[in-house]
>>> print(open('structure03.cif').read())   # mmCIF, C-alpha atoms
data_work
#
loop_
_atom_site.label_atom_id
_atom_site.label_comp_id
_atom_site.auth_asym_id
_atom_site.auth_seq_id
_atom_site.Cartn_x
_atom_site.Cartn_y
_atom_site.Cartn_z
CA MET A 1 -15.36 31.90 -69.35
CA SER A 2 -17.96 29.95 -71.40
CA SER A 3 -17.13 27.49 -74.14
CA ASP A 4 -18.36 30.06 -76.65
CA SER A 5 -15.79 32.59 -75.50
CA PRO A 6 -12.31 31.05 -75.62
CA GLN A 7 -9.18 33.14 -75.67
CA LEU A 8 -9.04 33.93 -79.30
CA ASN A 9 -6.07 35.74 -80.62
CA LYS A 10 -3.77 33.10 -79.26
CA GLN A 11 -2.65 30.68 -81.94
CA PRO A 12 -2.62 26.97 -81.05
CA ALA A 13 0.74 25.32 -80.74
CA HIS A 14 1.82 23.60 -83.94
CA LYS A 15 4.39 20.81 -83.90
CA GLN A 16 4.42 20.49 -87.67
CA PRO A 17 3.56 23.85 -89.20
CA VAL A 18 1.87 23.95 -92.58
CA LYS A 19 4.29 25.28 -95.17
CA ARG A 20 2.27 24.64 -98.33
CA ARG A 21 -1.48 24.48 -98.74
CA ARG A 22 -3.98 24.01 -101.55
CA VAL A 23 -7.26 25.84 -101.02
CA PHE A 24 -10.40 25.22 -103.07
CA TYR A 25 -13.19 27.73 -102.66
CA ILE A 26 -16.71 26.69 -103.70
CA PRO A 27 -18.93 29.77 -104.06
CA GLY A 28 -22.63 29.84 -103.40
CA TYR A 29 -25.29 30.53 -106.02
CA ASP A 30 -23.42 33.45 -107.58
CA PRO A 31 -23.39 34.55 -111.25
CA ILE A 32 -20.41 36.90 -110.78
CA HIS A 33 -16.94 36.28 -112.24
CA PRO A 34 -14.57 34.70 -109.67
CA ARG A 35 -12.20 37.68 -109.81
CA ARG A 36 -14.61 39.18 -107.27
CA TYR A 37 -13.34 36.68 -104.71
CA ARG A 38 -9.71 37.41 -105.50
CA GLU A 39 -10.19 41.13 -104.95
CA LEU A 40 -12.17 40.47 -101.78
CA TYR A 41 -9.36 38.25 -100.49
CA ARG A 42 -6.77 40.88 -101.41
CA SER A 43 -8.46 43.86 -99.76
CA GLU A 44 -9.84 42.10 -96.69
CA GLY A 45 -6.66 40.07 -96.16
CA ARG A 46 -4.64 43.28 -96.16
CA ASP A 47 -6.95 44.76 -93.54
CA GLN A 48 -6.88 41.66 -91.34
CA ALA A 49 -3.08 41.45 -91.56
CA ARG A 50 -2.80 45.07 -90.42
CA ILE A 51 -5.21 44.49 -87.53
CA SER A 52 -3.72 41.17 -86.38
CA GLY A 53 -0.06 41.91 -87.04
CA TYR A 54 1.05 39.55 -89.78
CA ASP A 55 2.09 39.80 -93.42
CA ILE A 56 0.10 38.54 -96.38
CA ALA A 57 0.51 39.16 -100.11
CA LEU A 58 -1.14 37.92 -103.30
CA LYS A 59 0.23 37.25 -106.76
CA PRO A 60 -1.27 35.75 -109.93
CA LYS A 61 -1.77 32.04 -110.29
CA ALA A 62 0.94 30.13 -112.12
CA GLY A 63 -0.19 27.88 -114.98
CA LYS A 64 -3.60 27.05 -116.39
CA GLY A 65 -6.66 25.45 -114.83
CA ASN A 66 -9.24 26.90 -112.49
CA TYR A 67 -9.25 30.61 -111.73
CA GLY A 68 -7.10 31.35 -108.69
CA TRP A 69 -4.21 33.17 -107.07
CA GLN A 70 -1.18 32.54 -104.87
CA VAL A 71 -0.80 33.72 -101.30
CA ASP A 72 2.45 34.19 -99.40
CA ALA A 73 2.12 34.91 -95.70
CA THR A 74 4.30 35.21 -92.64
CA ILE A 75 2.28 34.43 -89.52
CA ASP A 76 3.70 33.65 -86.08
CA GLY A 77 7.20 33.72 -87.61
CA GLU A 78 6.32 30.97 -90.13
CA ASP A 79 6.39 31.44 -93.91
CA VAL A 80 3.46 29.80 -95.67
CA HIS A 81 2.54 29.48 -99.33
CA ALA A 82 -1.03 28.78 -100.42
CA ASP A 83 -2.50 28.20 -103.87
CA VAL A 84 -6.13 29.25 -103.90
CA GLU A 85 -8.52 28.13 -106.64
CA VAL A 86 -12.18 28.96 -107.18
CA LEU A 87 -14.25 25.97 -108.28
CA VAL A 88 -16.42 27.88 -110.70
CA TRP A 89 -20.06 27.07 -111.43
CA SER A 90 -21.18 30.65 -112.09
CA ASP A 91 -21.90 29.78 -115.73
CA ILE A 92 -24.47 27.22 -114.55
CA VAL A 93 -25.95 29.85 -112.23
CA ARG A 94 -26.20 32.38 -115.06
CA GLY A 95 -27.90 29.79 -117.25
CA SER A 96 -30.49 29.09 -114.57
CA MET A 97 -31.19 32.82 -114.22
CA ALA A 98 -31.77 33.40 -117.95
CA THR A 99 -35.55 33.34 -117.69
CA SER A 100 -38.30 35.71 -118.72
CA ILE A 101 -40.49 37.69 -116.34
CA PRO A 102 -43.48 35.32 -116.77
CA ALA A 103 -41.17 32.32 -116.24
CA THR A 104 -39.91 33.86 -112.99
CA TYR A 105 -43.47 34.23 -111.71
CA TRP A 106 -44.11 30.60 -112.64
CA GLN A 107 -40.94 29.70 -110.71
CA MET A 108 -42.34 31.58 -107.74
CA ILE A 109 -45.55 29.55 -107.77
CA ARG A 110 -43.74 26.21 -108.15
CA THR A 111 -41.13 27.00 -105.48
CA ALA A 112 -43.71 28.23 -102.97
CA TRP A 113 -45.80 25.12 -103.63
CA GLU A 114 -42.82 22.83 -103.07
CA TYR A 115 -41.79 24.35 -99.74
CA ILE A 116 -45.29 24.98 -98.42
CA GLY A 117 -47.03 21.92 -99.83
CA SER A 118 -44.35 19.52 -98.61
CA GLY A 119 -44.31 21.04 -95.13
CA ALA A 120 -40.61 21.92 -95.45
CA LEU A 121 -41.23 25.63 -94.85
CA TRP A 122 -42.81 25.07 -91.43
CA ARG A 123 -39.93 22.81 -90.40
CA LEU A 124 -37.36 25.36 -91.55
CA MET A 125 -39.08 28.04 -89.47
CA ARG A 126 -38.38 25.96 -86.38
CA LEU A 127 -34.66 26.41 -87.03
CA ARG A 128 -33.98 30.06 -87.85
CA LYS A 129 -36.41 32.78 -88.91
CA GLY A 130 -33.79 34.80 -90.81
CA PRO A 131 -33.18 32.53 -93.80
CA VAL A 132 -36.89 31.69 -94.00
CA ILE A 133 -37.70 35.40 -94.19
CA ALA A 134 -34.97 35.71 -96.84
CA ALA A 135 -36.70 32.91 -98.76
CA LEU A 136 -40.13 34.56 -98.46
CA TYR A 137 -38.76 37.98 -99.41
CA PRO A 138 -38.62 37.39 -103.20
CA VAL A 139 -42.13 35.90 -103.17
CA GLY A 140 -43.55 38.91 -101.34
CA MET A 141 -41.63 41.41 -103.43
CA LEU A 142 -42.63 39.79 -106.74
CA ILE A 143 -46.26 40.09 -105.66
CA VAL A 144 -45.72 43.74 -104.67
CA GLN A 145 -44.09 44.43 -108.03
CA LEU A 146 -47.02 42.79 -109.80
CA LEU A 147 -49.51 44.93 -107.85
CA ILE A 148 -47.57 48.10 -108.71
CA ALA A 149 -47.60 47.05 -112.37
CA LEU A 150 -51.37 46.47 -112.19
CA LEU A 151 -51.84 49.95 -110.71
CA ALA A 152 -49.75 51.32 -113.58
CA PHE A 153 -52.00 49.42 -116.02
CA TYR A 154 -55.14 50.93 -114.48
CA GLY A 155 -53.66 54.41 -114.19
CA ALA A 156 -52.34 54.51 -117.75
CA GLY A 157 -55.56 53.09 -119.17
CA THR A 158 -57.67 55.59 -117.27
CA VAL A 159 -55.53 58.54 -118.35
CA ILE A 160 -55.65 57.48 -122.01
CA ALA A 161 -59.41 57.01 -121.94
CA GLU A 162 -59.94 60.41 -120.28
CA ALA A 163 -57.58 62.08 -122.73
CA ALA A 164 -59.40 60.55 -125.70
CA PHE A 165 -62.73 61.74 -124.37
CA LEU A 166 -61.48 65.30 -123.75
CA LEU A 167 -59.83 65.46 -127.18
CA GLU A 168 -62.99 64.29 -128.90
CA GLU A 169 -65.05 66.83 -126.98
CA ALA A 170 -62.64 69.66 -127.80
CA ILE A 171 -62.80 68.89 -131.51
CA TYR A 172 -66.47 67.99 -131.99
CA GLY A 173 -68.17 69.51 -128.98
CA PRO A 174 -70.34 67.44 -126.62
CA VAL A 175 -69.59 63.81 -127.44
CA VAL A 176 -72.26 61.28 -128.11
CA ILE A 177 -70.66 57.97 -127.30
CA TRP A 178 -71.32 55.45 -130.03
CA PRO A 179 -70.12 51.78 -130.02
CA ARG A 180 -67.28 52.21 -132.50
CA TRP A 181 -65.81 55.19 -130.64
CA PHE A 182 -66.07 53.27 -127.37
CA GLU A 183 -64.35 50.20 -128.83
CA GLU A 184 -61.50 52.23 -130.29
CA THR A 185 -60.96 54.10 -127.02
CA LEU A 186 -61.08 50.87 -125.03
CA VAL A 187 -58.49 49.21 -127.29
CA LEU A 188 -56.23 52.25 -127.00
CA ALA A 189 -56.60 52.39 -123.21
CA VAL A 190 -55.93 48.65 -122.78
CA ALA A 191 -52.89 48.82 -125.09
CA GLY A 192 -51.48 51.77 -123.15
CA GLY A 193 -52.18 50.04 -119.85
CA CYS A 194 -50.44 46.86 -121.02
CA LEU A 195 -47.43 48.88 -122.11
CA ALA A 196 -47.25 50.58 -118.70
CA PHE A 197 -47.70 47.22 -116.96
CA TRP A 198 -44.83 45.67 -118.89
CA LEU A 199 -42.52 48.69 -118.53
CA VAL A 200 -42.91 48.63 -114.74
CA LEU A 201 -42.08 44.92 -114.52
CA ARG A 202 -39.13 45.41 -116.89
CA TRP A 203 -37.85 48.28 -114.76
CA PHE A 204 -37.92 46.14 -111.62
CA LYS A 205 -36.05 43.32 -113.35
CA LYS A 206 -33.48 45.68 -114.87
CA ASN A 207 -32.80 47.20 -111.45
CA ASP A 208 -32.73 43.92 -109.54
CA GLY A 209 -29.21 44.75 -108.37
CA LYS A 210 -30.92 47.07 -105.89
CA PHE A 211 -33.65 44.65 -104.82
CA PHE A 212 -32.17 41.11 -105.26
CA VAL A 213 -35.68 39.78 -105.88
CA TYR A 214 -35.09 37.89 -109.13
CA TYR A 215 -31.68 36.73 -107.93
CA LEU A 216 -33.07 35.18 -104.74
CA MET A 217 -36.07 33.73 -106.54
CA HIS A 218 -33.80 31.95 -109.02
CA ASP A 219 -31.60 30.77 -106.15
CA TYR A 220 -34.39 29.05 -104.21
CA ALA A 221 -36.08 27.82 -107.37
CA TYR A 222 -32.89 26.11 -108.57
CA SER A 223 -33.03 23.41 -105.89
CA ALA A 224 -36.80 23.36 -105.49
CA ALA A 225 -37.36 22.68 -109.20
CA SER A 226 -35.96 19.15 -108.76
CA LYS A 227 -37.19 18.81 -105.15
CA GLY A 228 -33.64 18.70 -103.81
CA GLU A 229 -31.90 16.66 -106.49
CA ASN A 230 -28.86 18.07 -108.26
CA PRO A 231 -29.46 18.93 -111.93
CA PRO A 232 -27.35 16.79 -114.33
CA GLU A 233 -25.14 19.69 -115.40
CA LEU A 234 -24.29 20.41 -111.77
CA GLU A 235 -23.48 16.76 -111.07
CA THR A 236 -21.10 16.79 -114.03
CA ARG A 237 -19.35 19.89 -112.73
CA MET A 238 -19.12 18.44 -109.21
CA ALA A 239 -17.41 15.34 -110.64
CA GLU A 240 -14.83 17.64 -112.24
CA PHE A 241 -14.30 19.40 -108.91
CA GLN A 242 -13.80 16.03 -107.22
CA SER A 243 -11.12 15.10 -109.76
CA THR A 244 -9.32 18.42 -109.21
CA ILE A 245 -9.26 17.96 -105.43
CA ALA A 246 -8.13 14.34 -105.80
CA GLN A 247 -5.17 15.54 -107.88
CA ALA A 248 -4.24 18.08 -105.20
CA LEU A 249 -4.18 15.32 -102.59
CA ARG A 250 -1.31 13.77 -104.56
CA ASP A 251 0.71 17.01 -104.50
CA ASP A 252 3.58 17.80 -102.16
CA VAL A 253 1.54 19.98 -99.78
CA ASP A 254 0.71 19.78 -96.10
CA GLU A 255 -3.01 20.48 -96.25
CA VAL A 256 -5.80 20.47 -98.82
CA LEU A 257 -8.54 22.77 -97.59
CA VAL A 258 -12.00 22.90 -99.20
CA VAL A 259 -14.10 25.95 -98.33
CA GLY A 260 -17.82 25.86 -99.13
CA HIS A 261 -19.72 29.11 -98.68
CA SER A 262 -23.51 29.39 -98.59
CA SER A 263 -24.92 26.98 -101.23
CA GLY A 264 -21.34 25.90 -101.90
CA ALA A 265 -21.39 24.15 -98.51
CA HIS A 266 -23.80 21.43 -99.58
CA LEU A 267 -21.90 21.01 -102.85
CA GLY A 268 -18.76 20.49 -100.78
CA VAL A 269 -20.48 17.83 -98.67
CA SER A 270 -21.34 15.76 -101.74
CA ILE A 271 -18.02 16.33 -103.53
CA LEU A 272 -15.97 15.25 -100.51
CA SER A 273 -18.24 12.27 -99.83
CA ASP A 274 -17.70 11.05 -103.38
CA LEU A 275 -13.96 11.69 -103.02
CA ILE A 276 -13.67 9.56 -99.88
CA ARG A 277 -15.91 6.80 -101.27
CA ALA A 278 -13.63 6.63 -104.31
CA GLY A 279 -10.62 6.00 -102.06
CA ALA A 280 -8.93 9.17 -103.33
CA VAL A 281 -7.66 10.31 -99.91
CA PRO A 282 -4.16 8.84 -99.40
CA LYS A 283 -3.35 7.79 -95.86
CA GLN A 284 0.12 9.32 -96.02
CA GLY A 285 -0.83 12.39 -98.02
CA PRO A 286 -1.81 15.93 -97.07
CA LYS A 287 -4.42 16.53 -94.39
CA LEU A 288 -7.88 16.97 -95.87
CA ALA A 289 -10.07 19.67 -94.33
CA PHE A 290 -13.52 21.07 -95.02
CA LEU A 291 -14.66 24.49 -93.83
CA SER A 292 -18.36 25.25 -94.40
CA LEU A 293 -19.31 28.90 -93.97
CA GLY A 294 -22.75 30.51 -93.74
CA GLN A 295 -24.34 27.24 -94.82
CA VAL A 296 -27.93 26.93 -96.03
CA VAL A 297 -27.94 23.13 -96.16
CA PRO A 298 -31.46 22.69 -94.70
CA MET A 299 -33.00 24.66 -97.59
CA VAL A 300 -32.06 21.66 -99.75
CA SER A 301 -31.81 18.71 -97.36
CA PHE A 302 -35.36 19.32 -96.09
CA LEU A 303 -36.80 18.81 -99.60
CA ARG A 304 -38.48 15.51 -100.37
CA HIS A 305 -36.08 14.21 -103.06
CA ALA A 306 -32.79 15.36 -101.48
CA TYR A 307 -31.77 11.72 -100.98
CA ARG A 308 -28.27 12.26 -102.35
CA LEU A 309 -27.50 15.18 -100.04
CA ARG A 310 -28.92 13.47 -96.94
CA ALA A 311 -26.91 10.33 -97.67
CA ASP A 312 -23.75 12.41 -98.13
CA LEU A 313 -24.36 14.32 -94.89
CA GLN A 314 -24.76 11.04 -93.04
CA PHE A 315 -21.65 9.55 -94.63
CA LEU A 316 -19.33 12.53 -94.26
CA SER A 317 -20.25 13.11 -90.62
CA ALA A 318 -18.67 9.80 -89.63
CA GLN A 319 -15.43 9.97 -91.63
CA ASP A 320 -12.02 10.32 -89.97
CA ALA A 321 -10.37 10.97 -93.34
CA LEU A 322 -11.01 14.68 -92.95
CA THR A 323 -11.73 17.48 -90.50
CA TRP A 324 -15.05 19.28 -90.96
CA VAL A 325 -15.67 22.62 -89.26
CA ASP A 326 -18.93 24.51 -89.75
CA VAL A 327 -18.89 28.24 -88.97
CA THR A 328 -21.98 30.44 -89.00
CA ALA A 329 -23.19 33.43 -86.97
CA PRO A 330 -26.62 34.45 -85.66
CA GLY A 331 -25.89 37.90 -87.06
CA ASP A 332 -26.03 36.42 -90.58
CA GLY A 333 -29.73 36.43 -91.42
CA CYS A 334 -29.18 34.47 -94.63
CA ALA A 335 -27.61 31.38 -93.00
CA PHE A 336 -28.94 28.65 -90.74
CA ALA A 337 -26.77 29.80 -87.88
CA LEU A 338 -25.57 27.16 -85.41
CA CYS A 339 -27.79 24.51 -87.00
CA ASP A 340 -25.84 21.26 -87.23
CA PRO A 341 -26.60 20.39 -90.88
CA VAL A 342 -26.38 16.64 -90.26
CA SER A 343 -28.48 16.49 -87.11
CA VAL A 344 -31.26 18.87 -88.14
CA SER A 345 -31.62 16.91 -91.39
CA GLY A 346 -32.41 13.85 -89.30
CA VAL A 347 -29.59 11.69 -90.65
CA ALA A 348 -27.02 11.73 -87.83
CA PRO A 349 -25.52 8.23 -87.40
CA ASP A 350 -24.41 6.84 -84.05
CA SER A 351 -20.81 7.17 -85.24
CA LYS A 352 -21.16 10.90 -86.04
CA ILE A 353 -18.05 12.98 -85.31
CA TRP A 354 -18.56 15.99 -87.63
CA PRO A 355 -19.06 18.81 -88.10
CA LEU A 356 -17.68 20.93 -85.29
CA VAL A 357 -20.28 23.72 -85.16
CA PHE A 358 -19.48 27.11 -83.70
CA SER A 359 -20.24 30.78 -84.17
CA ALA A 360 -18.06 33.48 -85.71
CA ARG A 361 -19.86 35.82 -83.27
CA PHE A 362 -20.18 38.89 -85.43
CA THR A 363 -21.44 41.02 -82.54
CA GLN A 364 -18.26 40.31 -80.57
CA SER A 365 -15.63 40.05 -83.29
CA LEU A 366 -16.77 43.29 -84.91
CA SER A 367 -16.50 46.54 -82.99
CA PRO A 368 -19.79 48.26 -82.05
CA GLN A 369 -19.16 50.89 -84.71
CA ARG A 370 -18.48 48.29 -87.41
CA TRP A 371 -21.43 46.15 -86.38
CA LYS A 372 -23.72 49.19 -86.48
CA ALA A 373 -22.55 49.96 -90.02
CA LEU A 374 -23.13 46.40 -91.24
CA ARG A 375 -26.08 45.23 -89.17
CA TRP A 376 -28.78 45.84 -91.78
CA LYS A 377 -26.65 45.00 -94.82
CA PHE A 378 -27.84 41.40 -94.96
CA PHE A 379 -26.06 40.31 -98.12
CA ARG A 380 -22.80 41.93 -97.05
CA LEU A 381 -22.99 40.15 -93.68
CA HIS A 382 -23.47 36.84 -95.50
CA PHE A 383 -19.94 37.36 -96.88
CA GLN A 384 -18.41 38.52 -93.60
CA TYR A 385 -16.86 35.07 -93.08
CA LEU A 386 -14.52 35.93 -95.98
CA CYS A 387 -13.70 39.37 -94.60
CA ALA A 388 -11.65 41.06 -91.89
CA PHE A 389 -12.76 41.42 -88.27
CA ASP A 390 -11.56 44.44 -86.32
CA ARG A 391 -11.89 42.56 -82.99
CA PRO A 392 -10.98 39.02 -84.11
CA LYS A 393 -11.66 36.00 -81.92
CA ASP A 394 -10.71 32.44 -82.85
CA TYR A 395 -12.07 32.69 -86.41
CA ASP A 396 -9.76 34.31 -88.95
CA TYR A 397 -10.35 33.28 -92.57
CA PHE A 398 -6.90 34.37 -93.66
CA GLN A 399 -5.02 32.50 -90.95
CA ILE A 400 -7.10 29.41 -91.77
CA THR A 401 -6.35 29.62 -95.49
CA ALA A 402 -2.80 31.02 -95.37
CA GLY A 403 -1.49 30.38 -91.85
CA PRO A 404 0.87 27.72 -90.46
CA VAL A 405 -1.79 25.81 -88.48
CA SER A 406 -3.95 23.14 -90.10
CA LEU A 407 -7.72 23.23 -89.59
CA SER A 408 -7.62 20.03 -87.53
CA GLU A 409 -4.88 21.38 -85.25
CA ARG A 410 -6.42 24.84 -84.96
CA TYR A 411 -9.73 23.58 -83.59
CA LYS A 412 -8.83 20.24 -82.02
CA ASP A 413 -9.69 21.50 -78.53
CA ARG A 414 -12.41 23.92 -79.58
CA PRO A 415 -15.80 22.94 -78.07
CA PRO A 416 -18.92 23.40 -80.16
CA SER A 417 -21.21 26.30 -79.39
CA LYS A 418 -23.62 25.41 -76.60
CA SER A 419 -26.48 27.19 -78.34
CA ARG A 420 -26.29 25.06 -81.49
CA ILE A 421 -29.37 23.19 -82.73
CA ASP A 422 -28.48 19.52 -83.05
CA HIS A 423 -31.75 17.58 -83.03
CA ALA A 424 -33.73 16.23 -85.98
CA VAL A 425 -36.22 18.67 -87.49
CA SER A 426 -36.68 17.63 -91.12
CA LYS A 427 -39.83 15.78 -92.17
CA PHE A 428 -37.92 13.94 -94.91
CA THR A 429 -35.03 11.83 -93.62
CA SER A 430 -34.73 9.01 -96.15
CA VAL A 431 -31.33 8.61 -97.82
CA THR A 432 -32.59 6.34 -100.60
CA PRO A 433 -35.35 6.93 -103.19
#
>>> encode(input="structure03.cif", output="structure tokens")
Amino acid sequence: MSSDSPQLNKQPAHKQPVKRRRVFYIPGYDPIHPRRYRELYRSEGRDQARISGYDIALKPKAGKGNYGWQVDATIDGEDVHADVEVLVWSDIVRGSMATSIPATYWQMIRTAWEYIGSGALWRLMRLRKGPVIAALYPVGMLIVQLLIALLAFYGAGTVIAEAAFLLEEAIYGPVVIWPRWFEETLVLAVAGGCLAFWLVLRWFKKNDGKFFVYYLMHDYAYSAASKGENPPELETRMAEFQSTIAQALRDDVDEVLVVGHSSGAHLGVSILSDLIRAGAVPKQGPKLAFLSLGQVVPMVSFLRHAYRLRADLQFLSAQDALTWVDVTAPGDGCAFALCDPVSVSGVAPDSKIWPLVFSARFTQSLSPQRWKALRWKFFRLHFQYLCAFDRPKDYDYFQITAGPVSLSERYKDRPPSKSRIDHAVSKFTSVTP
């Protein structure tokens, strides 16, 4: 059996089972209220417990602070309690999305220029085509929407001009076109065309929940606008997250687990790097673990001014103060599947020990029927890491977050996927301005 196909439903032996855990979930670029993640955890956790034969239950969070919930589970005969919190930055996301239609098209031009002009796009294409196609999708669709709006402009203008001519002819007989009549008709036709043009673009924006064009454009533009640097408001929020995690490391728990999904993965890298640099990880305290899921780190680390992120990737990859596991899947077209985020960014130090990179193997851990139902639902698959698998292997989000085995113990003997990409690809590798 290959290293990518270990026996998976067997739980590793645990000498000191985890009884209490603090979990901090960092979402990706998502404007939705965090209750979405609670309900996802509730419904998918119930399904996974039924499939895998364990008990899991949720109840409201006790006390104030970040949005969260409590989890009580019985897995492998062990009772475990977990407090899950969502480190919310959806308000920052919503603020970055509050732009007009013209501003979004300007974002498109600037973002395309940054990725294409810097050469980052061509380097990213050497990793995985899926996320690059996902990045090009909003650009292509915005252009298509603009062309449709231009056709509406022409069509509406033509119809109005023809109608004016026919009306004039019906009232006065054969029309002799004189300059004033022509000017008035032209103004009316242009005004009607402009109205049609604007209504079409407004319709597309209003119905973006079906197309995800504006959403994705804002997502890629958020990092590209500063060429890979974190905006000040995000840095401030990340410092608050760091303080929250540091406090949890002083609690009477067995493990503090940070989960970074999608864009939340690169936020987690920087937050935990700052945490360790600050000496906030006690030697005798809880185990610190980092689980990055469906990461899109190269979309940021390949940008010219992403010095901070590249330095944090380099630093975190050599730290023994934590365990870092990176899980992706080739079936997720929105993630840089099996791309070691440190190595492909060109900043791997000689002392590199993290992350452990392996695949969640959607095509194997989902039944053929389930995979067929989800295969073309790209955004849903990007969240599959947080969901139930009907043929689970060695990745089970609910056992990781609410089970008796720590992340370090669970994967201590797990080899990385052989098909991972772990060589330097980025053009920009400097960690200092």
>>> residues_around(input="structure03.cif", residues="Gly331 in chain A", least_positions_apart="6", cutoff="10 Å", atoms="all atoms listed in the file", output="PDB file with C-alpha atoms, in the coordinates of the input")
ATOM      1  CA  GLY A 130     -33.790  34.800 -90.810  1.00  0.00           C
ATOM      2  CA  ALA A 337     -26.770  29.800 -87.880  1.00  0.00           C
ATOM      3  CA  SER A 359     -20.240  30.780 -84.170  1.00  0.00           C
ATOM      4  CA  ALA A 360     -18.060  33.480 -85.710  1.00  0.00           C
ATOM      5  CA  ARG A 361     -19.860  35.820 -83.270  1.00  0.00           C
ATOM      6  CA  PHE A 362     -20.180  38.890 -85.430  1.00  0.00           C
ATOM      7  CA  THR A 363     -21.440  41.020 -82.540  1.00  0.00           C
ATOM      8  CA  TRP A 371     -21.430  46.150 -86.380  1.00  0.00           C
ATOM      9  CA  LEU A 374     -23.130  46.400 -91.240  1.00  0.00           C
ATOM     10  CA  ARG A 375     -26.080  45.230 -89.170  1.00  0.00           C
ATOM     11  CA  TRP A 376     -28.780  45.840 -91.780  1.00  0.00           C
ATOM     12  CA  PHE A 378     -27.840  41.400 -94.960  1.00  0.00           C
ATOM     13  CA  LEU A 381     -22.990  40.150 -93.680  1.00  0.00           C
ATOM     14  CA  HIS A 382     -23.470  36.840 -95.500  1.00  0.00           C
ATOM     15  CA  GLN A 384     -18.410  38.520 -93.600  1.00  0.00           C
TER      16      GLN A 384
END
>>> closest_residue(input="structure03.cif", among="A:Ile51, A:Ile26, A:Ala224, A:Leu257", to="Asp396 in chain A", atoms="only C-alpha atoms")
A:Ile51
>>> residues_around(input="structure03.cif", residues="range 385-387 of chain A", least_positions_apart="4", cutoff="12 Å", atoms="only C-alpha atoms", output="PyMOL selection string")
chain A and resi 25+27+36-49+259-262+291-295+326-329+331-332+335+359-362+365-366+379-381+392+395-401
>>> resolve_selection(input="structure03.cif", expression="the PyMOL selection byres ((chain A and resi 215) around 12)", output="PyMOL selection string")
chain A and resi 29-32+93-94+96-99+104+107-108+134-135+137-139+141-142+204-214+216-222+379
>>> closest_residue(input="structure03.cif", among="A:Val431, A:Pro416, A:Phe302, A:Glu233", to="Ile116 in chain A", atoms="all atoms listed in the file")
A:Phe302
>>> residues_around(input="structure03.cif", residues="Thr323 in chain A", least_positions_apart="4", cutoff="7 Å", atoms="only C-alpha atoms", output="list in words")
Leu288, Ala289, Phe290 and Ser408 of chain A
>>> atom_distance(input="structure03.cif", atom1="CA of Arg391 in chain A", atom2="CA of Gln364 in chain A")
7.2 Å
